$ cat coords14.pdb   # PDB, C-alpha atoms
ATOM      1  CA  MET A   1     -37.252   6.344  -8.629  1.00  0.00           C
ATOM      2  CA  ILE A   2     -35.108   5.000 -11.477  1.00  0.00           C
ATOM      3  CA  ILE A   3     -36.043   1.435 -10.527  1.00  0.00           C
ATOM      4  CA  LEU A   4     -39.715   2.373 -10.747  1.00  0.00           C
ATOM      5  CA  LEU A   5     -39.131   3.925 -14.176  1.00  0.00           C
ATOM      6  CA  ILE A   6     -37.395   0.781 -15.414  1.00  0.00           C
ATOM      7  CA  ALA A   7     -40.314  -1.333 -14.218  1.00  0.00           C
ATOM      8  CA  LEU A   8     -42.828   1.130 -15.683  1.00  0.00           C
ATOM      9  CA  PHE A   9     -41.172   1.224 -19.124  1.00  0.00           C
ATOM     10  CA  ALA A  10     -40.944  -2.579 -19.184  1.00  0.00           C
ATOM     11  CA  ILE A  11     -44.630  -2.977 -18.265  1.00  0.00           C
ATOM     12  CA  LEU A  12     -45.790  -0.318 -20.745  1.00  0.00           C
ATOM     13  CA  ALA A  13     -43.717  -1.865 -23.531  1.00  0.00           C
ATOM     14  CA  PHE A  14     -45.354  -5.240 -22.835  1.00  0.00           C
ATOM     15  CA  VAL A  15     -48.862  -3.748 -22.595  1.00  0.00           C
ATOM     16  CA  ALA A  16     -48.397  -1.688 -25.766  1.00  0.00           C
ATOM     17  CA  ASN A  17     -47.169  -4.701 -27.701  1.00  0.00           C
ATOM     18  CA  MET A  18     -50.040  -6.873 -26.515  1.00  0.00           C
ATOM     19  CA  MET A  19     -52.981  -4.476 -26.316  1.00  0.00           C
ATOM     20  CA  ILE A  20     -52.655  -1.874 -29.079  1.00  0.00           C
ATOM     21  CA  THR A  21     -54.277  -3.213 -32.230  1.00  0.00           C
ATOM     22  CA  ASN A  22     -53.111  -0.499 -34.625  1.00  0.00           C
ATOM     23  CA  ARG A  23     -49.793  -1.844 -35.929  1.00  0.00           C
ATOM     24  CA  GLY A  24     -48.174   1.563 -36.537  1.00  0.00           C
ATOM     25  CA  ILE A  25     -49.135   2.987 -33.160  1.00  0.00           C
ATOM     26  CA  ARG A  26     -48.147  -0.289 -31.470  1.00  0.00           C
ATOM     27  CA  ILE A  27     -44.680  -0.243 -33.012  1.00  0.00           C
ATOM     28  CA  VAL A  28     -44.057   3.446 -32.253  1.00  0.00           C
ATOM     29  CA  THR A  29     -45.288   3.111 -28.655  1.00  0.00           C
ATOM     30  CA  THR A  30     -43.303  -0.059 -28.046  1.00  0.00           C
ATOM     31  CA  VAL A  31     -40.136   1.514 -29.465  1.00  0.00           C
ATOM     32  CA  ILE A  32     -40.561   4.597 -27.257  1.00  0.00           C
ATOM     33  CA  MET A  33     -40.999   2.408 -24.172  1.00  0.00           C
ATOM     34  CA  PHE A  34     -37.940   0.343 -25.038  1.00  0.00           C
ATOM     35  CA  VAL A  35     -35.886   3.500 -25.613  1.00  0.00           C
ATOM     36  CA  GLY A  36     -36.976   4.746 -22.182  1.00  0.00           C
ATOM     37  CA  LEU A  37     -36.130   1.357 -20.677  1.00  0.00           C
ATOM     38  CA  ILE A  38     -32.676   1.288 -22.248  1.00  0.00           C
ATOM     39  CA  ALA A  39     -31.991   4.899 -21.242  1.00  0.00           C
ATOM     40  CA  SER A  40     -33.012   4.153 -17.637  1.00  0.00           C
ATOM     41  CA  VAL A  41     -30.805   1.066 -17.434  1.00  0.00           C
ATOM     42  CA  ALA A  42     -27.927   3.027 -18.993  1.00  0.00           C
ATOM     43  CA  GLY A  43     -28.447   5.766 -16.400  1.00  0.00           C
ATOM     44  CA  VAL A  44     -28.199   3.242 -13.570  1.00  0.00           C
ATOM     45  CA  ALA A  45     -25.039   1.752 -15.075  1.00  0.00           C
ATOM     46  CA  ALA A  46     -23.499   5.210 -15.552  1.00  0.00           C
ATOM     47  CA  ASN A  47     -24.357   6.152 -11.984  1.00  0.00           C
ATOM     48  CA  MET A  48     -22.813   2.983 -10.600  1.00  0.00           C
ATOM     49  CA  ASN A  49     -19.674   3.010 -12.751  1.00  0.00           C
ATOM     50  CA  SER A  50     -19.005   6.701 -13.440  1.00  0.00           C
ATOM     51  CA  HIS A  51     -21.059   8.472 -10.740  1.00  0.00           C
ATOM     52  CA  TYR A  52     -23.417  10.024 -13.304  1.00  0.00           C
ATOM     53  CA  GLY A  53     -25.532  12.770 -11.734  1.00  0.00           C
ATOM     54  CA  MET A  54     -22.966  13.356  -8.996  1.00  0.00           C
ATOM     55  CA  LYS A  55     -20.176  15.822  -8.317  1.00  0.00           C
ATOM     56  CA  GLU A  56     -17.041  15.771  -6.209  1.00  0.00           C
ATOM     57  CA  VAL A  57     -17.035  17.738  -2.963  1.00  0.00           C
ATOM     58  CA  THR A  58     -13.790  18.180  -1.029  1.00  0.00           C
ATOM     59  CA  THR A  59     -13.548  19.144   2.632  1.00  0.00           C
ATOM     60  CA  THR A  60     -10.420  19.848   4.658  1.00  0.00           C
ATOM     61  CA  THR A  61     -10.078  19.494   8.419  1.00  0.00           C
ATOM     62  CA  LYS A  62      -7.172  20.460  10.651  1.00  0.00           C
ATOM     63  CA  LYS A  63      -6.733  18.932  14.096  1.00  0.00           C
ATOM     64  CA  GLN A  64      -3.924  19.287  16.557  1.00  0.00           C
ATOM     65  CA  ILE A  65      -2.285  16.008  17.551  1.00  0.00           C
ATOM     66  CA  TYR A  66      -0.251  15.234  20.653  1.00  0.00           C
ATOM     67  CA  THR A  67       2.877  13.255  21.367  1.00  0.00           C
ATOM     68  CA  ALA A  68       2.845   9.481  21.378  1.00  0.00           C
ATOM     69  CA  GLY A  69       5.538   9.622  24.048  1.00  0.00           C
ATOM     70  CA  THR A  70       5.440  10.833  27.624  1.00  0.00           C
ATOM     71  CA  ALA A  71       5.231  14.434  28.793  1.00  0.00           C
ATOM     72  CA  SER A  72       8.534  14.021  30.624  1.00  0.00           C
ATOM     73  CA  GLN A  73      10.353  13.614  27.310  1.00  0.00           C
ATOM     74  CA  GLY A  74      10.135  17.326  26.694  1.00  0.00           C
ATOM     75  CA  PHE A  75       9.664  16.914  22.935  1.00  0.00           C
ATOM     76  CA  GLY A  76       6.903  15.639  20.676  1.00  0.00           C
ATOM     77  CA  LEU A  77       6.985  12.148  19.183  1.00  0.00           C
ATOM     78  CA  LEU A  78       5.158  10.874  16.117  1.00  0.00           C
ATOM     79  CA  LEU A  79       5.550   7.157  15.489  1.00  0.00           C
ATOM     80  CA  TYR A  80       5.054   5.488  12.138  1.00  0.00           C
ATOM     81  CA  GLN A  81       5.663   2.165  10.464  1.00  0.00           C
ATOM     82  CA  GLY A  82       5.387   1.093   6.839  1.00  0.00           C
ATOM     83  CA  VAL A  83       2.728  -1.470   5.958  1.00  0.00           C
ATOM     84  CA  GLY A  84       1.996  -3.581   2.918  1.00  0.00           C
ATOM     85  CA  THR A  85       4.343  -5.363   0.574  1.00  0.00           C
ATOM     86  CA  ASN A  86       6.008  -2.198  -0.714  1.00  0.00           C
ATOM     87  CA  GLY A  87       5.736  -0.122   2.468  1.00  0.00           C
ATOM     88  CA  ALA A  88       4.303   2.799   0.505  1.00  0.00           C
ATOM     89  CA  GLU A  89       1.850   3.693   3.256  1.00  0.00           C
ATOM     90  CA  ASN A  90       2.370   4.055   6.981  1.00  0.00           C
ATOM     91  CA  VAL A  91       0.534   3.409  10.208  1.00  0.00           C
ATOM     92  CA  TYR A  92       0.819   6.518  12.397  1.00  0.00           C
ATOM     93  CA  VAL A  93       0.686   6.591  16.193  1.00  0.00           C
ATOM     94  CA  TYR A  94      -0.074   9.710  18.243  1.00  0.00           C
ATOM     95  CA  ARG A  95      -2.484  10.974  20.878  1.00  0.00           C
ATOM     96  CA  ALA A  96      -5.711  12.634  19.806  1.00  0.00           C
ATOM     97  CA  THR A  97      -5.949  14.797  22.928  1.00  0.00           C
ATOM     98  CA  ASP A  98      -3.423  16.175  25.371  1.00  0.00           C
ATOM     99  CA  ASN A  99      -4.673  14.013  28.258  1.00  0.00           C
ATOM    100  CA  ALA A 100      -5.482  10.845  26.288  1.00  0.00           C
ATOM    101  CA  LYS A 101      -4.333   7.744  28.144  1.00  0.00           C
ATOM    102  CA  LYS A 102      -4.140   5.631  24.998  1.00  0.00           C
ATOM    103  CA  THR A 103      -2.518   6.425  21.691  1.00  0.00           C
ATOM    104  CA  THR A 104      -4.425   6.615  18.415  1.00  0.00           C
ATOM    105  CA  VAL A 105      -3.311   4.210  15.696  1.00  0.00           C
ATOM    106  CA  ALA A 106      -4.204   5.597  12.254  1.00  0.00           C
ATOM    107  CA  LYS A 107      -4.198   2.775   9.706  1.00  0.00           C
ATOM    108  CA  PRO A 108      -4.239   3.334   5.924  1.00  0.00           C
ATOM    109  CA  ASN A 109      -6.720   1.813   3.497  1.00  0.00           C
ATOM    110  CA  LEU A 110      -7.214   1.640  -0.267  1.00  0.00           C
ATOM    111  CA  ASN A 111      -8.808   5.104  -0.399  1.00  0.00           C
ATOM    112  CA  THR A 112      -6.385   6.851   1.953  1.00  0.00           C
ATOM    113  CA  SER A 113      -2.883   8.169   1.357  1.00  0.00           C
ATOM    114  CA  SER A 114      -0.664   9.940   3.861  1.00  0.00           C
ATOM    115  CA  ARG A 115       2.639  11.737   4.248  1.00  0.00           C
ATOM    116  CA  MET A 116       4.577  13.938   6.658  1.00  0.00           C
ATOM    117  CA  SER A 117       5.739  17.521   6.267  1.00  0.00           C
ATOM    118  CA  ASN A 118       7.781  19.940   8.383  1.00  0.00           C
ATOM    119  CA  ILE A 119       6.249  23.145   9.710  1.00  0.00           C
ATOM    120  CA  SER A 120       7.307  26.005  11.947  1.00  0.00           C
ATOM    121  CA  GLY A 121       6.023  26.499  15.468  1.00  0.00           C
ATOM    122  CA  ASN A 122       5.762  23.967  18.283  1.00  0.00           C
ATOM    123  CA  LYS A 123       2.454  22.212  17.595  1.00  0.00           C
ATOM    124  CA  ALA A 124       1.773  19.211  15.372  1.00  0.00           C
ATOM    125  CA  TYR A 125      -1.319  18.873  13.214  1.00  0.00           C
ATOM    126  CA  LYS A 126      -3.198  16.317  11.195  1.00  0.00           C
ATOM    127  CA  ILE A 127      -4.593  17.785   7.974  1.00  0.00           C
ATOM    128  CA  THR A 128      -7.239  15.608   6.344  1.00  0.00           C
ATOM    129  CA  LYS A 129      -8.469  16.343   2.826  1.00  0.00           C
ATOM    130  CA  THR A 130     -11.528  14.240   1.996  1.00  0.00           C
ATOM    131  CA  THR A 131     -13.241  14.010  -1.400  1.00  0.00           C
ATOM    132  CA  ARG A 132     -16.717  12.503  -1.671  1.00  0.00           C
ATOM    133  CA  TYR A 133     -19.299  12.015  -4.406  1.00  0.00           C
ATOM    134  CA  VAL A 134     -22.582  13.821  -3.759  1.00  0.00           C
ATOM    135  CA  TYR A 135     -25.637  14.273  -5.979  1.00  0.00           C
ATOM    136  CA  LYS A 136     -25.709  17.473  -8.007  1.00  0.00           C
ATOM    137  CA  ASN A 137     -29.288  18.285  -7.094  1.00  0.00           C
ATOM    138  CA  ALA A 138     -32.447  16.916  -5.517  1.00  0.00           C
ATOM    139  CA  THR A 139     -33.694  15.517  -8.829  1.00  0.00           C
ATOM    140  CA  MET A 140     -30.614  13.378  -9.346  1.00  0.00           C
ATOM    141  CA  ARG A 141     -30.729  12.243  -5.723  1.00  0.00           C
ATOM    142  CA  LEU A 142     -34.389  11.268  -6.161  1.00  0.00           C
ATOM    143  CA  MET A 143     -33.618   9.363  -9.367  1.00  0.00           C
ATOM    144  CA  PHE A 144     -30.541   7.417  -8.280  1.00  0.00           C
ATOM    145  CA  GLY A 145     -30.288   7.809  -4.508  1.00  0.00           C
ATOM    146  CA  ILE A 146     -31.961   4.489  -3.802  1.00  0.00           C
ATOM    147  CA  GLY A 147     -28.516   2.875  -3.949  1.00  0.00           C
ATOM    148  CA  GLY A 148     -27.413   4.781  -0.858  1.00  0.00           C
ATOM    149  CA  ASN A 149     -24.257   6.069  -2.531  1.00  0.00           C
ATOM    150  CA  ASN A 150     -24.694   9.728  -1.674  1.00  0.00           C
ATOM    151  CA  HIS A 151     -21.524  11.046   0.051  1.00  0.00           C
ATOM    152  CA  GLN A 152     -19.579   8.008  -1.143  1.00  0.00           C
ATOM    153  CA  LEU A 153     -15.871   8.367  -0.365  1.00  0.00           C
ATOM    154  CA  LYS A 154     -13.581   8.868  -3.369  1.00  0.00           C
ATOM    155  CA  ASN A 155     -10.290   9.406  -1.586  1.00  0.00           C
ATOM    156  CA  LYS A 156      -8.714  10.820   1.534  1.00  0.00           C
ATOM    157  CA  HIS A 157      -5.284  12.389   1.857  1.00  0.00           C
ATOM    158  CA  VAL A 158      -3.722  12.978   5.268  1.00  0.00           C
ATOM    159  CA  VAL A 159      -0.723  15.185   6.018  1.00  0.00           C
ATOM    160  CA  TYR A 160       0.982  15.002   9.410  1.00  0.00           C
ATOM    161  CA  GLN A 161       2.645  18.352  10.058  1.00  0.00           C
ATOM    162  CA  VAL A 162       5.640  18.009  12.360  1.00  0.00           C
ATOM    163  CA  PRO A 163       7.409  21.049  13.908  1.00  0.00           C
ATOM    164  CA  SER A 164      11.080  21.235  14.887  1.00  0.00           C
ATOM    165  CA  THR A 165      10.158  20.459  18.508  1.00  0.00           C
ATOM    166  CA  TRP A 166       8.944  17.034  17.391  1.00  0.00           C
ATOM    167  CA  VAL A 167      10.671  14.007  15.914  1.00  0.00           C
ATOM    168  CA  ALA A 168       9.109  11.322  13.718  1.00  0.00           C
ATOM    169  CA  LEU A 169      10.447   7.822  14.374  1.00  0.00           C
ATOM    170  CA  THR A 170       9.649   4.370  13.138  1.00  0.00           C
ATOM    171  CA  THR A 171       8.492   1.989  15.827  1.00  0.00           C
ATOM    172  CA  THR A 172      11.770   0.120  15.406  1.00  0.00           C
ATOM    173  CA  GLN A 173      13.789   3.297  15.983  1.00  0.00           C
ATOM    174  CA  ALA A 174      11.704   4.165  19.029  1.00  0.00           C
ATOM    175  CA  LYS A 175      12.363   0.743  20.576  1.00  0.00           C
ATOM    176  CA  SER A 176      16.121   1.130  20.137  1.00  0.00           C
ATOM    177  CA  LEU A 177      16.253   4.750  21.299  1.00  0.00           C
ATOM    178  CA  GLN A 178      16.687   4.101  24.998  1.00  0.00           C
ATOM    179  CA  SER A 179      19.555   1.670  24.528  1.00  0.00           C
ATOM    180  CA  LYS A 180      21.323   3.986  22.087  1.00  0.00           C
ATOM    181  CA  MET A 181      21.074   6.983  24.405  1.00  0.00           C
ATOM    182  CA  THR A 182      21.960   5.158  27.619  1.00  0.00           C
ATOM    183  CA  PRO A 183      25.503   6.092  28.719  1.00  0.00           C
ATOM    184  CA  LYS A 184      27.978   3.218  28.880  1.00  0.00           C
ATOM    185  CA  THR A 185      30.832   4.733  30.882  1.00  0.00           C
ATOM    186  CA  ASP A 186      31.104   6.918  33.987  1.00  0.00           C
ATOM    187  CA  ALA A 187      32.285   9.816  31.841  1.00  0.00           C
ATOM    188  CA  GLU A 188      29.234   9.469  29.587  1.00  0.00           C
ATOM    189  CA  LYS A 189      26.952   9.288  32.637  1.00  0.00           C
ATOM    190  CA  GLN A 190      28.469  12.462  34.043  1.00  0.00           C
ATOM    191  CA  ALA A 191      28.145  14.251  30.705  1.00  0.00           C
ATOM    192  CA  LEU A 192      24.526  13.144  30.394  1.00  0.00           C
ATOM    193  CA  ALA A 193      23.710  14.398  33.880  1.00  0.00           C
ATOM    194  CA  GLN A 194      25.175  17.800  33.035  1.00  0.00           C
ATOM    195  CA  GLN A 195      23.224  17.936  29.770  1.00  0.00           C
ATOM    196  CA  GLN A 196      19.992  17.034  31.535  1.00  0.00           C
ATOM    197  CA  ALA A 197      20.564  19.723  34.136  1.00  0.00           C
ATOM    198  CA  GLN A 198      21.239  22.300  31.414  1.00  0.00           C
ATOM    199  CA  LEU A 199      18.140  21.207  29.472  1.00  0.00           C
ATOM    200  CA  ALA A 200      16.001  21.411  32.613  1.00  0.00           C
ATOM    201  CA  ALA A 201      17.177  24.967  33.216  1.00  0.00           C
ATOM    202  CA  LEU A 202      16.690  25.920  29.563  1.00  0.00           C
ATOM    203  CA  ALA A 203      13.197  24.385  29.500  1.00  0.00           C
ATOM    204  CA  LYS A 204      12.090  26.917  32.114  1.00  0.00           C
ATOM    205  CA  THR A 205      13.087  29.902  29.969  1.00  0.00           C
ATOM    206  CA  ASP A 206      12.904  28.531  26.408  1.00  0.00           C
ATOM    207  CA  PRO A 207      11.046  25.195  26.220  1.00  0.00           C
ATOM    208  CA  ASP A 208      11.062  25.175  22.403  1.00  0.00           C
ATOM    209  CA  LYS A 209      14.850  25.474  22.265  1.00  0.00           C
ATOM    210  CA  ALA A 210      15.195  22.728  24.856  1.00  0.00           C
ATOM    211  CA  ALA A 211      12.898  20.482  22.819  1.00  0.00           C
ATOM    212  CA  GLN A 212      14.861  21.210  19.629  1.00  0.00           C
ATOM    213  CA  LEU A 213      18.123  20.251  21.350  1.00  0.00           C
ATOM    214  CA  GLN A 214      16.594  16.983  22.515  1.00  0.00           C
ATOM    215  CA  VAL A 215      15.303  16.264  19.022  1.00  0.00           C
ATOM    216  CA  ALA A 216      18.774  16.921  17.609  1.00  0.00           C
ATOM    217  CA  ALA A 217      20.262  14.494  20.157  1.00  0.00           C
ATOM    218  CA  VAL A 218      17.722  11.813  19.247  1.00  0.00           C
ATOM    219  CA  LYS A 219      18.426  12.200  15.537  1.00  0.00           C
ATOM    220  CA  LYS A 220      22.161  12.029  16.154  1.00  0.00           C
ATOM    221  CA  ALA A 221      21.835   8.874  18.222  1.00  0.00           C
ATOM    222  CA  LEU A 222      19.711   7.201  15.555  1.00  0.00           C
ATOM    223  CA  ASN A 223      21.726   8.638  12.647  1.00  0.00           C
ATOM    224  CA  ILE A 224      18.718  10.474  11.219  1.00  0.00           C
ATOM    225  CA  LYS A 225      19.413  13.402   8.911  1.00  0.00           C
TER
END
$ encode --input "coords14.pdb" --output "structure tokens"
Amino acid sequence: MIILLIALFAILAFVANMMITNRGIRIVTTVIMFVGLIASVAGVAANMNSHYGMKEVTTTTKKQIYTAGTASQGFGLLLYQGVGTNGAENVYVYRATDNAKKTTVAKPNLNTSSRMSNISGNKAYKITKTTRYVYKNATMRLMFGIGGNNHQLKNKHVVYQVPSTWVALTTTQAKSLQSKMTPKTDAEKQALAQQQAQLAALAKTDPDKAAQLQVAAVKKALNIK
């Protein structure tokens, strides 16, 4: 609609200047048309640059995520790796469903920020807070909506909530985990076998406690506080 108004004001200004013979009326009419033309162009510029006629709408979603590791591990695993020159943002790796064969790789972009937080319980979640620009009303949408910018993304903030039965590791740490936890001597092998037997028994009665003990062992092996 605003494009039609711009064209209309431009045409009427031209017609008024060329067709109206009365000088006073011609000047007044032409000025009014030019004012309308300038106001319309300014409205388009304000809509494009400052989202004039729009408001911010924020929605929050919460989805459970599942371990990037195997079920036999007995604890949850969230993988991440810094990207970019300063490593301020991370790529996160997890499974979107319990039976997913492939992991989900969540990559950041210019409008998305992310972080991790600790929570109680034994389930991990992905909390996504999304803010978009939407038109305040139908009139504003009719005027400026031709640009297709309704529901334009402003920003997205993601929080990965990790319980004590999970551990978050960089991809580098995850690759070195097996070698660091592999026993080197017969005594270490025997101790590991005993620990695994104890964990297997504990997992039947208190799986959360068993998972927490495994997480503690992983952190100790990788020197994670």
$ resolve_selection --input "coords14.pdb" --expression "the PyMOL selection byres ((chain A and resi 163) around 6)" --output "list of chain:residue names"
A:Asn118, A:Ile119, A:Ser120, A:Gly121, A:Asn122, A:Val162, A:Ser164, A:Thr165, A:Trp166
$ resolve_selection --input "coords14.pdb" --expression "the PyMOL selection byres ((chain A and resi 57-64) around 8)" --output "number ranges by chain"
A: 55-56, 65-66, 96, 123-134
$ residues_around --input "coords14.pdb" --residues "region 190-207 of chain A" --least-positions-apart "4" --cutoff "10 Å" --atoms "all atoms listed in the file" --output "PyMOL selection string"
chain A and resi 74-75+122+165+181-183+185-186+211-214
$ closest_residue --input "coords14.pdb" --among "A:Ala13, A:Met54, A:Lys189, A:Asp98" --to "Ala138 (chain A)" --atoms "only C-alpha atoms"
A:Met54
$ residues_near_point --input "coords14.pdb" --point "(24.2, 3.6, 16.8)" --cutoff "10 Å" --atoms "only C-alpha atoms" --output "PDB file with C-alpha atoms, in the frame of the given file"
ATOM      1  CA  SER A 176      16.121   1.130  20.137  1.00  0.00           C
ATOM      2  CA  LEU A 177      16.253   4.750  21.299  1.00  0.00           C
ATOM      3  CA  SER A 179      19.555   1.670  24.528  1.00  0.00           C
ATOM      4  CA  LYS A 180      21.323   3.986  22.087  1.00  0.00           C
ATOM      5  CA  MET A 181      21.074   6.983  24.405  1.00  0.00           C
ATOM      6  CA  LYS A 220      22.161  12.029  16.154  1.00  0.00           C
ATOM      7  CA  ALA A 221      21.835   8.874  18.222  1.00  0.00           C
ATOM      8  CA  LEU A 222      19.711   7.201  15.555  1.00  0.00           C
ATOM      9  CA  ASN A 223      21.726   8.638  12.647  1.00  0.00           C
TER      10      ASN A 223
END
$ resolve_selection --input "coords14.pdb" --expression "the PyMOL selection byres ((chain A and resi 10) around 12)" --output "PyMOL selection string"
chain A and resi 3-9+11-17+29-41
$ atom_distance --input "coords14.pdb" --atom1 "CA of Ala45 (chain A)" --atom2 "CA of Ile27 (chain A)"
26.7 Å
$ atom_distance --input "coords14.pdb" --atom1 "CA of Asn99 (chain A)" --atom2 "CA of Leu78 (chain A)"
15.9 Å
$ atom_distance --input "coords14.pdb" --atom1 "CA of Thr170 (chain A)" --atom2 "CA of Gln81 (chain A)"
5.3 Å
$ decode --input "coords14.pdb" --residues "region 128-142 of chain A" --atoms "N, CA and C atoms" --output "short mmCIF file (atom, residue, chain, number, x, y, z; two decimals), in the first residue's frame"
data_model
loop_
_atom_site.label_atom_id
_atom_site.label_comp_id
_atom_site.auth_asym_id
_atom_site.auth_seq_id
_atom_site.Cartn_x
_atom_site.Cartn_y
_atom_site.Cartn_z
N THR A 128 14.75 -22.12 24.29
CA THR A 128 14.97 -21.16 23.21
C THR A 128 14.05 -19.96 23.37
N LYS A 129 14.65 -18.79 23.51
CA LYS A 129 13.90 -17.54 23.64
C LYS A 129 14.09 -16.75 22.35
N THR A 130 13.01 -16.60 21.59
CA THR A 130 13.07 -15.97 20.27
C THR A 130 12.28 -14.67 20.26
N THR A 131 12.91 -13.61 19.77
CA THR A 131 12.26 -12.30 19.64
C THR A 131 12.14 -11.94 18.17
N ARG A 132 10.93 -11.62 17.75
CA ARG A 132 10.67 -11.25 16.36
C ARG A 132 9.92 -9.92 16.28
N TYR A 133 10.08 -9.26 15.13
CA TYR A 133 9.32 -8.04 14.86
C TYR A 133 8.03 -8.42 14.14
N VAL A 134 6.91 -7.96 14.67
CA VAL A 134 5.61 -8.18 14.01
C VAL A 134 4.88 -6.85 13.94
N TYR A 135 3.98 -6.71 12.98
CA TYR A 135 3.24 -5.46 12.83
C TYR A 135 2.24 -5.27 13.96
N LYS A 136 2.11 -4.03 14.40
CA LYS A 136 1.28 -3.72 15.56
C LYS A 136 -0.20 -3.99 15.28
N ASN A 137 -0.61 -3.78 14.06
CA ASN A 137 -2.02 -3.98 13.73
C ASN A 137 -2.15 -4.23 12.23
N ALA A 138 -3.39 -4.48 11.80
CA ALA A 138 -3.64 -4.81 10.40
C ALA A 138 -3.35 -3.63 9.48
N THR A 139 -3.59 -2.41 9.99
CA THR A 139 -3.34 -1.22 9.18
C THR A 139 -1.86 -1.08 8.85
N MET A 140 -1.02 -1.23 9.85
CA MET A 140 0.42 -1.14 9.62
C MET A 140 0.91 -2.26 8.72
N ARG A 141 0.35 -3.45 8.88
CA ARG A 141 0.74 -4.57 8.02
C ARG A 141 0.32 -4.31 6.58
N LEU A 142 -0.86 -3.69 6.40
CA LEU A 142 -1.32 -3.36 5.05
C LEU A 142 -0.43 -2.29 4.42
#
